[in-house]
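K.L.:
Structure supplied as model_4.csv; contents: CSV, C-alpha atoms and all ligand atoms.
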```
chain,number,residue,atom,x,y,z
X,1,MET,CA,-117.8,-165.9,201.5
X,2,GLU,CA,-116.7,-163.6,204.2
X,3,VAL,CA,-118.4,-160.2,204.4
X,4,VAL,CA,-117.0,-157.3,206.5
X,5,VAL,CA,-119.0,-154.1,206.9
X,6,LYS,CA,-117.0,-151.0,207.8
X,7,GLU,CA,-118.3,-147.6,208.8
X,8,THR,CA,-116.3,-145.7,206.2
X,9,ALA,CA,-114.5,-146.1,202.9
X,10,GLU,CA,-111.3,-145.0,204.6
X,11,GLN,CA,-111.6,-148.0,207.0
X,12,MET,CA,-112.3,-150.3,204.1
X,13,SER,CA,-109.2,-149.1,202.3
X,14,ARG,CA,-107.0,-149.5,205.3
X,15,LEU,CA,-108.2,-153.1,205.9
X,16,ALA,CA,-107.7,-154.0,202.2
X,17,ALA,CA,-104.2,-152.5,202.2
X,18,GLU,CA,-103.4,-154.5,205.4
X,19,MET,CA,-104.5,-157.7,203.8
X,20,ILE,CA,-102.5,-157.0,200.7
X,21,ALA,CA,-99.5,-156.0,202.7
X,22,ASP,CA,-99.7,-159.3,204.7
X,23,VAL,CA,-99.5,-161.2,201.4
X,24,VAL,CA,-96.5,-159.1,200.2
X,25,ARG,CA,-94.7,-159.6,203.5
X,26,ASN,CA,-95.4,-163.4,203.7
X,27,LYS,CA,-94.5,-164.0,200.1
X,28,PRO,CA,-92.3,-161.2,198.7
X,29,ARG,CA,-92.5,-162.7,195.1
X,30,CYS,CA,-96.3,-162.8,195.3
X,31,VAL,CA,-98.6,-162.2,192.3
X,32,LEU,CA,-101.2,-159.5,192.8
X,33,GLY,CA,-104.3,-159.1,190.6
X,34,LEU,CA,-105.3,-155.4,190.6
X,35,ALA,CA,-108.3,-153.3,189.6
X,36,THR,CA,-108.7,-149.7,188.5
X,37,GLY,CA,-111.7,-147.3,189.1
X,38,SER,CA,-112.6,-145.1,192.0
X,39,THR,CA,-113.0,-148.0,194.5
X,40,PRO,CA,-109.3,-149.1,195.0
X,41,GLU,CA,-107.8,-145.6,195.0
X,42,GLY,CA,-107.8,-145.3,198.8
X,43,THR,CA,-106.2,-148.8,199.1
X,44,TYR,CA,-103.4,-147.8,196.7
X,45,GLU,CA,-102.8,-144.6,198.7
X,46,GLU,CA,-102.5,-146.6,201.9
X,47,LEU,CA,-100.1,-149.1,200.2
X,48,ILE,CA,-98.0,-146.1,199.0
X,49,ARG,CA,-98.0,-144.8,202.6
X,50,MET,CA,-96.9,-148.3,203.9
X,51,HIS,CA,-94.1,-148.3,201.4
X,52,LYS,CA,-92.9,-144.9,202.2
X,53,GLU,CA,-93.3,-145.0,206.0
X,54,ASP,CA,-93.1,-148.7,206.9
X,55,GLY,CA,-90.8,-149.9,204.1
X,56,LEU,CA,-93.3,-152.3,202.5
X,57,ASP,CA,-91.2,-153.8,199.8
X,58,PHE,CA,-92.6,-154.3,196.3
X,59,SER,CA,-89.3,-155.1,194.6
X,60,GLN,CA,-90.2,-158.7,193.8
X,61,VAL,CA,-94.0,-158.3,193.5
X,62,VAL,CA,-95.6,-159.1,190.1
X,63,THR,CA,-99.0,-157.7,189.1
X,64,PHE,CA,-101.7,-158.4,186.6
X,65,ASN,CA,-104.5,-155.9,186.0
X,66,LEU,CA,-108.0,-157.0,185.3
X,67,ASP,CA,-108.7,-155.0,182.2
X,68,GLU,CA,-108.0,-152.3,179.7
X,69,TYR,CA,-110.0,-150.3,177.2
X,70,VAL,CA,-109.5,-151.3,173.5
X,71,GLY,CA,-108.1,-148.4,171.5
X,72,LEU,CA,-106.5,-146.4,174.3
X,73,PRO,CA,-102.7,-146.4,174.4
X,74,GLY,CA,-100.9,-146.6,177.8
X,75,ASN,CA,-100.1,-142.9,177.8
X,76,HIS,CA,-103.7,-141.9,177.4
X,77,ASP,CA,-104.8,-140.4,180.7
X,78,GLN,CA,-108.0,-142.6,180.8
X,79,SER,CA,-106.2,-145.9,180.0
X,80,TYR,CA,-105.9,-148.3,182.9
X,81,ARG,CA,-102.1,-148.6,182.3
X,82,TYR,CA,-101.9,-144.8,182.9
X,83,PHE,CA,-104.1,-145.1,186.0
X,84,MET,CA,-102.0,-147.8,187.6
X,85,ASN,CA,-98.7,-146.0,186.9
X,86,ASP,CA,-100.2,-142.8,188.3
X,87,ARG,CA,-102.0,-144.2,191.4
X,88,LEU,CA,-99.6,-146.9,192.5
X,89,PHE,CA,-96.6,-148.2,190.4
X,90,ASP,CA,-94.8,-144.8,190.1
X,91,HIS,CA,-94.8,-144.4,193.9
X,92,VAL,CA,-93.5,-147.8,195.1
X,93,ASN,CA,-90.4,-149.8,194.3
X,94,ILE,CA,-92.1,-152.2,191.9
X,95,ARG,CA,-90.2,-153.1,188.7
X,96,PRO,CA,-92.1,-151.8,185.7
X,97,GLU,CA,-91.4,-155.1,183.9
X,98,ASN,CA,-93.2,-156.9,186.7
X,99,THR,CA,-96.5,-155.0,186.1
X,100,HIS,CA,-98.9,-156.2,183.5
X,101,VAL,CA,-102.0,-154.5,182.1
X,102,PRO,CA,-103.7,-155.9,179.0
X,103,ASP,CA,-102.6,-154.0,175.8
X,104,GLY,CA,-105.6,-152.2,174.4
X,105,MET,CA,-103.6,-151.4,171.2
X,106,ALA,CA,-102.5,-155.0,170.5
X,107,ASP,CA,-102.7,-155.8,166.8
X,108,ASP,CA,-104.1,-159.3,167.4
X,109,ILE,CA,-106.3,-158.9,170.4
X,110,PRO,CA,-107.5,-162.6,170.7
X,111,ALA,CA,-103.8,-163.7,170.5
X,112,HIS,CA,-102.9,-161.1,173.1
X,113,CYS,CA,-105.6,-162.4,175.5
X,114,ARG,CA,-104.3,-165.9,175.2
X,115,GLU,CA,-100.7,-164.7,175.9
X,116,TYR,CA,-102.0,-162.8,179.0
X,117,GLU,CA,-103.5,-166.0,180.4
X,118,GLU,CA,-100.2,-167.8,179.7
X,119,MET,CA,-98.3,-165.0,181.5
X,120,ILE,CA,-100.5,-165.4,184.6
X,121,ASP,CA,-99.9,-169.2,184.5
X,122,GLN,CA,-96.1,-168.7,184.0
X,123,ALA,CA,-96.0,-166.3,187.0
X,124,GLY,CA,-97.5,-169.1,189.1
X,125,GLY,CA,-101.1,-167.9,189.3
X,126,ILE,CA,-102.6,-165.0,191.2
X,127,ASP,CA,-102.1,-165.1,195.0
X,128,LEU,CA,-104.5,-162.2,195.8
X,129,GLN,CA,-107.0,-160.6,193.4
X,130,LEU,CA,-108.4,-157.2,194.3
X,131,LEU,CA,-111.8,-156.4,192.8
X,132,GLY,CA,-114.3,-153.5,192.6
X,133,ILE,CA,-117.9,-154.2,191.4
X,134,GLY,CA,-120.0,-152.4,188.8
X,135,GLY,CA,-123.5,-151.1,189.5
X,136,ASN,CA,-124.8,-153.9,187.3
X,137,GLY,CA,-122.9,-156.6,189.3
X,138,HIS,CA,-120.0,-156.9,186.9
X,139,ILE,CA,-116.4,-157.8,188.0
X,140,ALA,CA,-113.6,-156.6,185.7
X,141,PHE,CA,-115.6,-156.0,182.5
X,142,ASN,CA,-117.5,-159.2,182.7
X,143,GLU,CA,-120.9,-157.7,182.0
X,144,PRO,CA,-124.2,-159.5,182.9
X,145,GLY,CA,-124.6,-162.5,180.7
X,146,SER,CA,-120.8,-163.3,180.7
X,147,SER,CA,-120.0,-167.0,181.0
X,148,LEU,CA,-119.0,-167.9,184.5
X,149,ALA,CA,-116.3,-170.0,182.9
X,150,SER,CA,-115.0,-167.1,180.7
X,151,ARG,CA,-111.3,-166.4,180.2
X,152,THR,CA,-109.4,-163.2,179.2
X,153,ARG,CA,-111.1,-161.9,176.0
X,154,PRO,CA,-112.4,-158.8,174.3
X,155,LYS,CA,-115.8,-157.7,175.5
X,156,THR,CA,-118.4,-155.1,174.4
X,157,LEU,CA,-119.2,-152.8,177.3
X,158,ASP,CA,-122.7,-152.4,178.5
X,159,GLU,CA,-124.3,-149.0,178.0
X,160,LYS,CA,-124.7,-148.7,181.8
X,161,THR,CA,-121.0,-149.3,182.2
X,162,ARG,CA,-120.2,-146.7,179.5
X,163,GLN,CA,-122.5,-144.2,181.2
X,164,ASP,CA,-121.0,-144.9,184.7
X,165,ASN,CA,-117.5,-144.4,183.2
X,166,SER,CA,-118.4,-141.4,181.1
X,167,ARG,CA,-117.6,-139.2,184.2
X,168,PHE,CA,-113.9,-139.6,183.2
X,169,PHE,CA,-114.3,-138.6,179.6
X,170,GLN,CA,-115.3,-135.3,177.9
X,171,SER,CA,-118.3,-136.8,176.2
X,172,MET,CA,-120.1,-140.2,175.8
X,173,ASP,CA,-118.7,-140.5,172.3
X,174,GLU,CA,-115.2,-140.7,173.7
X,175,VAL,CA,-116.0,-143.6,176.1
X,176,PRO,CA,-114.6,-146.8,174.5
X,177,LYS,CA,-117.1,-149.4,173.4
X,178,TYR,CA,-114.8,-152.4,173.9
X,179,ALA,CA,-112.4,-153.6,176.5
X,180,ILE,CA,-110.0,-156.5,177.2
X,181,THR,CA,-111.0,-158.3,180.4
X,182,MET,CA,-109.9,-161.2,182.4
X,183,GLY,CA,-112.7,-163.7,182.5
X,184,ILE,CA,-114.7,-164.9,185.5
X,185,GLY,CA,-113.0,-168.3,185.1
X,186,THR,CA,-109.6,-166.5,185.3
X,187,ILE,CA,-110.5,-164.4,188.3
X,188,ILE,CA,-111.9,-167.3,190.4
X,189,GLU,CA,-108.6,-169.2,189.9
X,190,ALA,CA,-106.9,-166.6,192.2
X,191,GLU,CA,-105.9,-168.1,195.6
X,192,ARG,CA,-107.7,-165.3,197.5
X,193,ILE,CA,-110.0,-162.5,196.5
X,194,ILE,CA,-111.0,-159.2,198.1
X,195,LEU,CA,-114.0,-157.4,196.6
X,196,LEU,CA,-114.5,-153.7,197.7
X,197,ALA,CA,-117.7,-151.7,197.4
X,198,TYR,CA,-118.7,-148.4,198.8
X,199,LYS,CA,-121.6,-146.0,198.4
X,200,GLU,CA,-125.3,-146.7,198.1
X,201,SER,CA,-125.1,-146.9,194.3
X,202,LYS,CA,-123.4,-150.4,194.8
X,203,ALA,CA,-126.0,-151.7,197.3
X,204,ARG,CA,-128.0,-153.7,194.7
X,205,ALA,CA,-124.9,-155.1,193.1
X,206,VAL,CA,-123.5,-156.2,196.5
X,207,SER,CA,-126.7,-157.8,197.4
X,208,CYS,CA,-126.8,-159.9,194.2
X,209,CYS,CA,-123.2,-160.7,194.6
X,210,VAL,CA,-123.4,-161.9,198.2
X,211,GLU,CA,-126.9,-163.1,198.8
X,212,GLY,CA,-128.4,-163.6,195.3
X,213,PRO,CA,-128.5,-166.8,193.3
X,214,VAL,CA,-125.3,-167.7,191.3
X,215,THR,CA,-126.2,-166.4,187.9
X,216,ALA,CA,-124.4,-165.0,184.8
X,217,MET,CA,-126.9,-162.1,185.1
X,218,CYS,CA,-125.0,-161.0,188.2
X,219,PRO,CA,-121.4,-162.0,187.2
X,220,SER,CA,-119.9,-161.2,190.7
X,221,SER,CA,-122.2,-163.9,192.2
X,222,ALA,CA,-119.7,-166.5,190.8
X,223,LEU,CA,-117.5,-165.5,193.7
X,224,GLN,CA,-119.8,-167.5,196.0
X,225,LEU,CA,-118.2,-170.6,194.4
X,226,HIS,CA,-114.7,-169.5,195.6
X,227,PRO,CA,-113.5,-170.7,199.0
X,228,ALA,CA,-111.5,-167.6,200.0
X,229,VAL,CA,-113.4,-164.4,199.2
X,230,THR,CA,-113.6,-161.4,201.5
X,231,VAL,CA,-116.2,-158.7,200.5
X,232,ILE,CA,-115.5,-155.4,202.3
X,233,THR,CA,-118.2,-152.8,202.1
X,234,ASP,CA,-119.2,-149.6,203.9
X,235,LYS,CA,-122.6,-149.3,205.5
X,236,ALA,CA,-124.2,-147.7,202.5
X,237,ALA,CA,-123.2,-150.5,200.1
X,238,ALA,CA,-124.3,-153.1,202.6
X,239,GLY,CA,-127.7,-151.4,202.8
X,240,LYS,CA,-129.6,-154.1,200.9
X,241,LEU,CA,-127.9,-157.1,202.6
X,242,LYS,CA,-130.2,-159.2,204.8
X,243,GLY,CA,-127.5,-161.0,206.8
X,244,ASP,CA,-125.8,-159.6,209.8
X,245,TYR,CA,-122.1,-159.1,209.1
X,246,PRO,CA,-119.1,-158.3,211.4
X,247,ASP,CA,-116.9,-155.3,211.1
X,248,GLU,CA,-113.6,-157.3,211.2
X,249,PRO,CA,-112.5,-160.3,209.2
X,250,ARG,CA,-112.1,-163.7,210.9
X,251,ARG,CA,-108.5,-163.8,209.9
X,252,LEU,CA,-105.9,-161.2,208.9
X,253,ILE,CA,-102.9,-163.3,208.1
X,254,LEU,CA,-102.9,-164.2,204.5
X,255,GLY,CA,-100.4,-165.8,202.1
X,256,ARG,CA,-100.0,-169.3,200.8
N,301,LIG,C1,-111.8,-151.9,186.9
N,301,LIG,C2,-112.8,-152.9,186.9
N,301,LIG,C3,-114.3,-152.6,187.1
N,301,LIG,C4,-114.5,-151.7,188.3
N,301,LIG,C5,-116.0,-151.4,188.5
N,301,LIG,C6,-116.3,-150.4,189.6
N,301,LIG,O1,-110.5,-152.5,186.7
N,301,LIG,O2,-112.5,-154.0,186.7
N,301,LIG,O3,-115.0,-153.8,187.3
N,301,LIG,O4,-114.0,-152.3,189.5
N,301,LIG,O5,-116.6,-150.9,187.3
N,301,LIG,O6,-115.7,-149.2,189.2
N,301,LIG,P1,-115.6,-148.0,190.3
N,301,LIG,O7,-114.6,-148.5,191.3
N,301,LIG,O8,-115.1,-146.8,189.5
N,301,LIG,O9,-116.9,-147.8,190.9
```
Write out the structure in this file as structure tokens.
P.N.:
Amino acid sequence: MEVVVKETAEQMSRLAAEMIADVVRNKPRCVLGLATGSTPEGTYEELIRMHKEDGLDFSQVVTFNLDEYVGLPGNHDQSYRYFMNDRLFDHVNIRPENTHVPDGMADDIPAHCREYEEMIDQAGGIDLQLLGIGGNGHIAFNEPGSSLASRTRPKTLDEKTRQDNSRFFQSMDEVPKYAITMGIGTIIEAERIILLAYKESKARAVSCCVEGPVTAMCPSSALQLHPAVTVITDKAAAGKLKGDYPDEPRRLILGR
């Protein structure tokens, strides 16, 4: 596991965007796994800038998002489909039909989850997966206790996660209780993974992810079993790490 500690969230976002852009340039038909939430917003802004100013071409890129709230349609402003359109897809030349976000309104959610896995397989698997991390160590909506071999499935959200995400809703009652999420087994099949974390509120989670034992109680610790993970943090989120980590990755050129 490679850990890179940057001074600021802006520097983190620029590095993550450069790494994603490398994959897109090296493999124009690449498959990107994407996350929502506050953490990747700066990375998406930088990718939009690279598209507009440097011509970064998304015309053949295929994407799969990690998760979606059950019960929120794609036009709800807190749905993850809405988030992705608003923060990235509507501003680059990606084909809407190449973007995939689980459907929180699917009639048969377990069947939809199986189809989602099949679609990832048919696309050739994920070349680069971008992740944030929850304060409880979750990745996607794989809450503590999730099987480290789990696949895409419906999941009950932890109260801590609902409270963390309530900042986006009018009241706690409106925060969905269930989500569809890629499993940890799904995520760690990606060729490469970048996990981003900034702010002190993520320091404990980053420490359990990077330096703790591999345990379902800290789902992100499963990333230690993956051969090509880069964890990029700011100083505050690295605050509880014991190791001494560089501010640049060992390699910048990615792609299969
Ligand atoms: C979002 C996701 C979540 C978030 C995590 C951190 O698609 O999968 O695991 O990455 O909850 O959220 P933020 O970035 O809002 O702190």
K.L.:
Excluding stretch 85-98 of chain X and any residue of its chain fewer than 5 positions from it, enumerate the residues within 8 Å of it, using all atoms listed in the file, and give them as a ChimeraX atom specification.
P.N.:
/X:41,44-45,48,51-52,57-63
K.L.:
Generate a file of the selected residues that holds C-alpha atoms, formatted as a PDB file, keeping the file's coordinate frame.
P.N.:
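Everything below was put into out-v6.pdb:
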```pdb
ATOM      1  CA  GLU X  41    -107.800-145.600 195.000  1.00  0.00           C
ATOM      2  CA  TYR X  44    -103.400-147.800 196.700  1.00  0.00           C
ATOM      3  CA  GLU X  45    -102.800-144.600 198.700  1.00  0.00           C
ATOM      4  CA  ILE X  48     -98.000-146.100 199.000  1.00  0.00           C
ATOM      5  CA  HIS X  51     -94.100-148.300 201.400  1.00  0.00           C
ATOM      6  CA  LYS X  52     -92.900-144.900 202.200  1.00  0.00           C
ATOM      7  CA  ASP X  57     -91.200-153.800 199.800  1.00  0.00           C
ATOM      8  CA  PHE X  58     -92.600-154.300 196.300  1.00  0.00           C
ATOM      9  CA  SER X  59     -89.300-155.100 194.600  1.00  0.00           C
ATOM     10  CA  GLN X  60     -90.200-158.700 193.800  1.00  0.00           C
ATOM     11  CA  VAL X  61     -94.000-158.300 193.500  1.00  0.00           C
ATOM     12  CA  VAL X  62     -95.600-159.100 190.100  1.00  0.00           C
ATOM     13  CA  THR X  63     -99.000-157.700 189.100  1.00  0.00           C
TER      14      THR X  63
END
```
K.L.:
Hey, which of X:Thr233, X:Leu223, X:Gly145, X:Gly37 ends up closest to X:Asp164? Count all atoms listed in the file.
P.N.:
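Of X:Thr233, X:Leu223, X:Gly145, X:Gly37, the one nearest X:Asp164, counting all atoms listed in the file, is X:Gly37.
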K.L.:
Which residue gives the smallest distance to ligand LIG 301 (chain N) among X:Gly243, X:Gly42, X:Pro102, X:Gly132, with all atoms listed in the file counted?
P.N.:
X:Gly132
K.L.:
Quick one: pull the distance between atom CA of X:Gln78 and atom CA of X:Asp107, Å, one decimal.
P.N.:
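Computing the Euclidean distance for atom CA of X:Gln78 and atom CA of X:Asp107 yields 20.0 Å.
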K.L.:
Give, as JSON, the centre coordinates and the x, y and z edge lengths in Å to one decimal for an axis-aligned box around all listed atoms of ligand LIG 301 (chain N), padded by 4 Å on each side.
P.N.:
```
{"center_x": -113.7, "center_y": -150.4, "center_z": 189.0, "size_x": 14.4, "size_y": 15.2, "size_z": 12.6}
```
K.L.:
Enumerate residues in contact with ligand LIG 301 (chain N): an atom-to-atom distance of at most 6 Å, counting only C-alpha atoms and all ligand atoms. Format the result as an mmCIF file with C-alpha atoms, keeping the file's coordinate frame.
P.N.:
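As written to disk, out.cif reads:
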```cif
data_model
loop_
_atom_site.group_PDB
_atom_site.id
_atom_site.type_symbol
_atom_site.label_atom_id
_atom_site.label_comp_id
_atom_site.auth_asym_id
_atom_site.auth_seq_id
_atom_site.Cartn_x
_atom_site.Cartn_y
_atom_site.Cartn_z
ATOM 1 C CA ALA X 35 -108.300 -153.300 189.600
ATOM 2 C CA THR X 36 -108.700 -149.700 188.500
ATOM 3 C CA GLY X 37 -111.700 -147.300 189.100
ATOM 4 C CA SER X 38 -112.600 -145.100 192.000
ATOM 5 C CA THR X 39 -113.000 -148.000 194.500
ATOM 6 C CA LEU X 66 -108.000 -157.000 185.300
ATOM 7 C CA ASP X 67 -108.700 -155.000 182.200
ATOM 8 C CA LEU X 131 -111.800 -156.400 192.800
ATOM 9 C CA GLY X 132 -114.300 -153.500 192.600
ATOM 10 C CA ILE X 133 -117.900 -154.200 191.400
ATOM 11 C CA GLY X 134 -120.000 -152.400 188.800
ATOM 12 C CA HIS X 138 -120.000 -156.900 186.900
ATOM 13 C CA ILE X 139 -116.400 -157.800 188.000
ATOM 14 C CA ALA X 140 -113.600 -156.600 185.700
ATOM 15 C CA PHE X 141 -115.600 -156.000 182.500
#
```
K.L.:
Take atom CA of X:Asp77 and atom CA of X:Asp103 and report the distance between them in Å, one decimal.
P.N.:
14.6 Å
K.L.:
Residues of stretch 31-129 of chain X within 6 Å of stretch 184-206 of chain X: nearest atom pair and distance (Å, one decimal) for each, counting only C-alpha atoms, sorted by chain and number, as a Markdown table?
P.N.:
```
| residue | atom | partner | partner_atom | distance |
| --- | --- | --- | --- | --- |
| X:Ile126 | CA | X:Ala190 | CA | 4.7 |
| X:Asp127 | CA | X:Glu191 | CA | 4.9 |
| X:Leu128 | CA | X:Arg192 | CA | 4.8 |
| X:Gln129 | CA | X:Ile193 | CA | 4.7 |
```
K.L.:
Take the residues from that selection and write them out as an mmCIF file, keeping the file's coordinate frame, keeping C-alpha atoms.
P.N.:
```cif
data_model
loop_
_atom_site.group_PDB
_atom_site.id
_atom_site.type_symbol
_atom_site.label_atom_id
_atom_site.label_comp_id
_atom_site.auth_asym_id
_atom_site.auth_seq_id
_atom_site.Cartn_x
_atom_site.Cartn_y
_atom_site.Cartn_z
ATOM 1 C CA ILE X 126 -102.600 -165.000 191.200
ATOM 2 C CA ASP X 127 -102.100 -165.100 195.000
ATOM 3 C CA LEU X 128 -104.500 -162.200 195.800
ATOM 4 C CA GLN X 129 -107.000 -160.600 193.400
#
```
K.L.:
Find, counting all atoms listed in the file, the residue in X:Ser220, X:Gly104, X:Leu225, X:Ile120 that gets nearest to X:Tyr178.
P.N.:
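Of the candidates, the smallest distance to X:Tyr178 is held by X:Gly104.
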K.L.:
To one decimal in Å, tell me the separation between atom CA of X:Cys218 and atom CA of X:Ala123.
P.N.:
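One can read the atom CA of X:Cys218 to atom CA of X:Ala123 distance as 29.5 Å.
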K.L.:
Could you check the closest approach to X:Pro73 for each of X:Pro176, X:Gly212, X:Gly183, X:Pro246 and tell me which residue wins, using all atoms listed in the file?
P.N.:
X:Pro176
K.L.:
For X:Ala9, which of X:Thr43, X:Thr156, X:Asn26, X:Asn65 is the closest residue, counting only C-alpha atoms?
P.N.:
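That would be X:Thr43, the residue with the smallest distance to X:Ala9.
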K.L.:
Excluding X:Met105 and its own-chain neighbours fewer than 5 positions away, which residues fall within 7 Å of it when counting all atoms listed in the file? Please give them as a list in words.
P.N.:
Val70, Gly71, Leu72 and Pro73 of chain X
K.L.:
Which polymer residues, protein or nucleic acid, are no farther than 7 Å from (-115.6, -156.0, 202.7), counting only C-alpha atoms, as a PyMOL selection string?
P.N.:
chain X and resi 3-5+12+195-196+230-233
K.L.:
Report as a ChimeraX atom specification all protein, DNA and RNA residues lying within 12 Å of X:Glu159, evaluated on only C-alpha atoms, omitting residues in the same chain fewer than 3 positions from it.
P.N.:
/X:135-136,143-144,156,162-166,172-173,175-178
K.L.:
Kindly indicate which residue among X:Leu32, X:Cys209, X:Met50, X:Ala111 lies nearest to X:Ala222, using only C-alpha atoms for the distances.
P.N.:
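Going through X:Leu32, X:Cys209, X:Met50, X:Ala111 one by one, the smallest distance to X:Ala222 is for X:Cys209.
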K.L.:
Do you know which residues are at most 8 Å from X:Tyr80 counting all atoms listed in the file, after dropping those on the same chain fewer than 2 positions away, and could you put them as a PyMOL selection string?
P.N.:
chain X and resi 36+67-69+74+78+82-84+101
K.L.:
N, CA and C atoms are needed for stretch 43-55 of chain X; please write them out as an mmCIF file, keeping the file's coordinate frame.
P.N.:
```
data_model
loop_
_atom_site.group_PDB
_atom_site.id
_atom_site.type_symbol
_atom_site.label_atom_id
_atom_site.label_comp_id
_atom_site.auth_asym_id
_atom_site.auth_seq_id
_atom_site.Cartn_x
_atom_site.Cartn_y
_atom_site.Cartn_z
ATOM 1 N N THR X 43 -107.091 -147.661 198.760
ATOM 2 C CA THR X 43 -106.200 -148.800 199.100
ATOM 3 C C THR X 43 -104.821 -148.551 198.532
ATOM 4 N N TYR X 44 -104.754 -148.057 197.300
ATOM 5 C CA TYR X 44 -103.400 -147.800 196.700
ATOM 6 C C TYR X 44 -102.730 -146.660 197.465
ATOM 7 N N GLU X 45 -103.478 -145.644 197.893
ATOM 8 C CA GLU X 45 -102.800 -144.600 198.700
ATOM 9 C C GLU X 45 -102.245 -145.128 199.975
ATOM 10 N N GLU X 46 -102.990 -146.035 200.604
ATOM 11 C CA GLU X 46 -102.500 -146.600 201.900
ATOM 12 C C GLU X 46 -101.283 -147.516 201.602
ATOM 13 N N LEU X 47 -101.273 -148.245 200.489
ATOM 14 C CA LEU X 47 -100.100 -149.100 200.200
ATOM 15 C C LEU X 47 -98.872 -148.185 199.919
ATOM 16 N N ILE X 48 -99.090 -147.053 199.278
ATOM 17 C CA ILE X 48 -98.000 -146.100 199.000
ATOM 18 C C ILE X 48 -97.451 -145.599 200.380
ATOM 19 N N ARG X 49 -98.387 -145.270 201.275
ATOM 20 C CA ARG X 49 -98.000 -144.800 202.600
ATOM 21 C C ARG X 49 -97.159 -145.896 203.322
ATOM 22 N N MET X 50 -97.648 -147.140 203.236
ATOM 23 C CA MET X 50 -96.900 -148.300 203.900
ATOM 24 C C MET X 50 -95.545 -148.438 203.300
ATOM 25 N N HIS X 51 -95.426 -148.238 201.997
ATOM 26 C CA HIS X 51 -94.100 -148.300 201.400
ATOM 27 C C HIS X 51 -93.189 -147.248 201.873
ATOM 28 N N LYS X 52 -93.708 -146.001 201.884
ATOM 29 C CA LYS X 52 -92.900 -144.900 202.200
ATOM 30 C C LYS X 52 -92.532 -144.816 203.724
ATOM 31 N N GLU X 53 -93.521 -145.135 204.569
ATOM 32 C CA GLU X 53 -93.300 -145.000 206.000
ATOM 33 C C GLU X 53 -92.861 -146.263 206.691
ATOM 34 N N ASP X 54 -93.347 -147.412 206.206
ATOM 35 C CA ASP X 54 -93.100 -148.700 206.900
ATOM 36 C C ASP X 54 -92.128 -149.574 206.088
ATOM 37 N N GLY X 55 -91.702 -149.123 204.915
ATOM 38 C CA GLY X 55 -90.800 -149.900 204.100
ATOM 39 C C GLY X 55 -91.382 -151.114 203.421
#
```
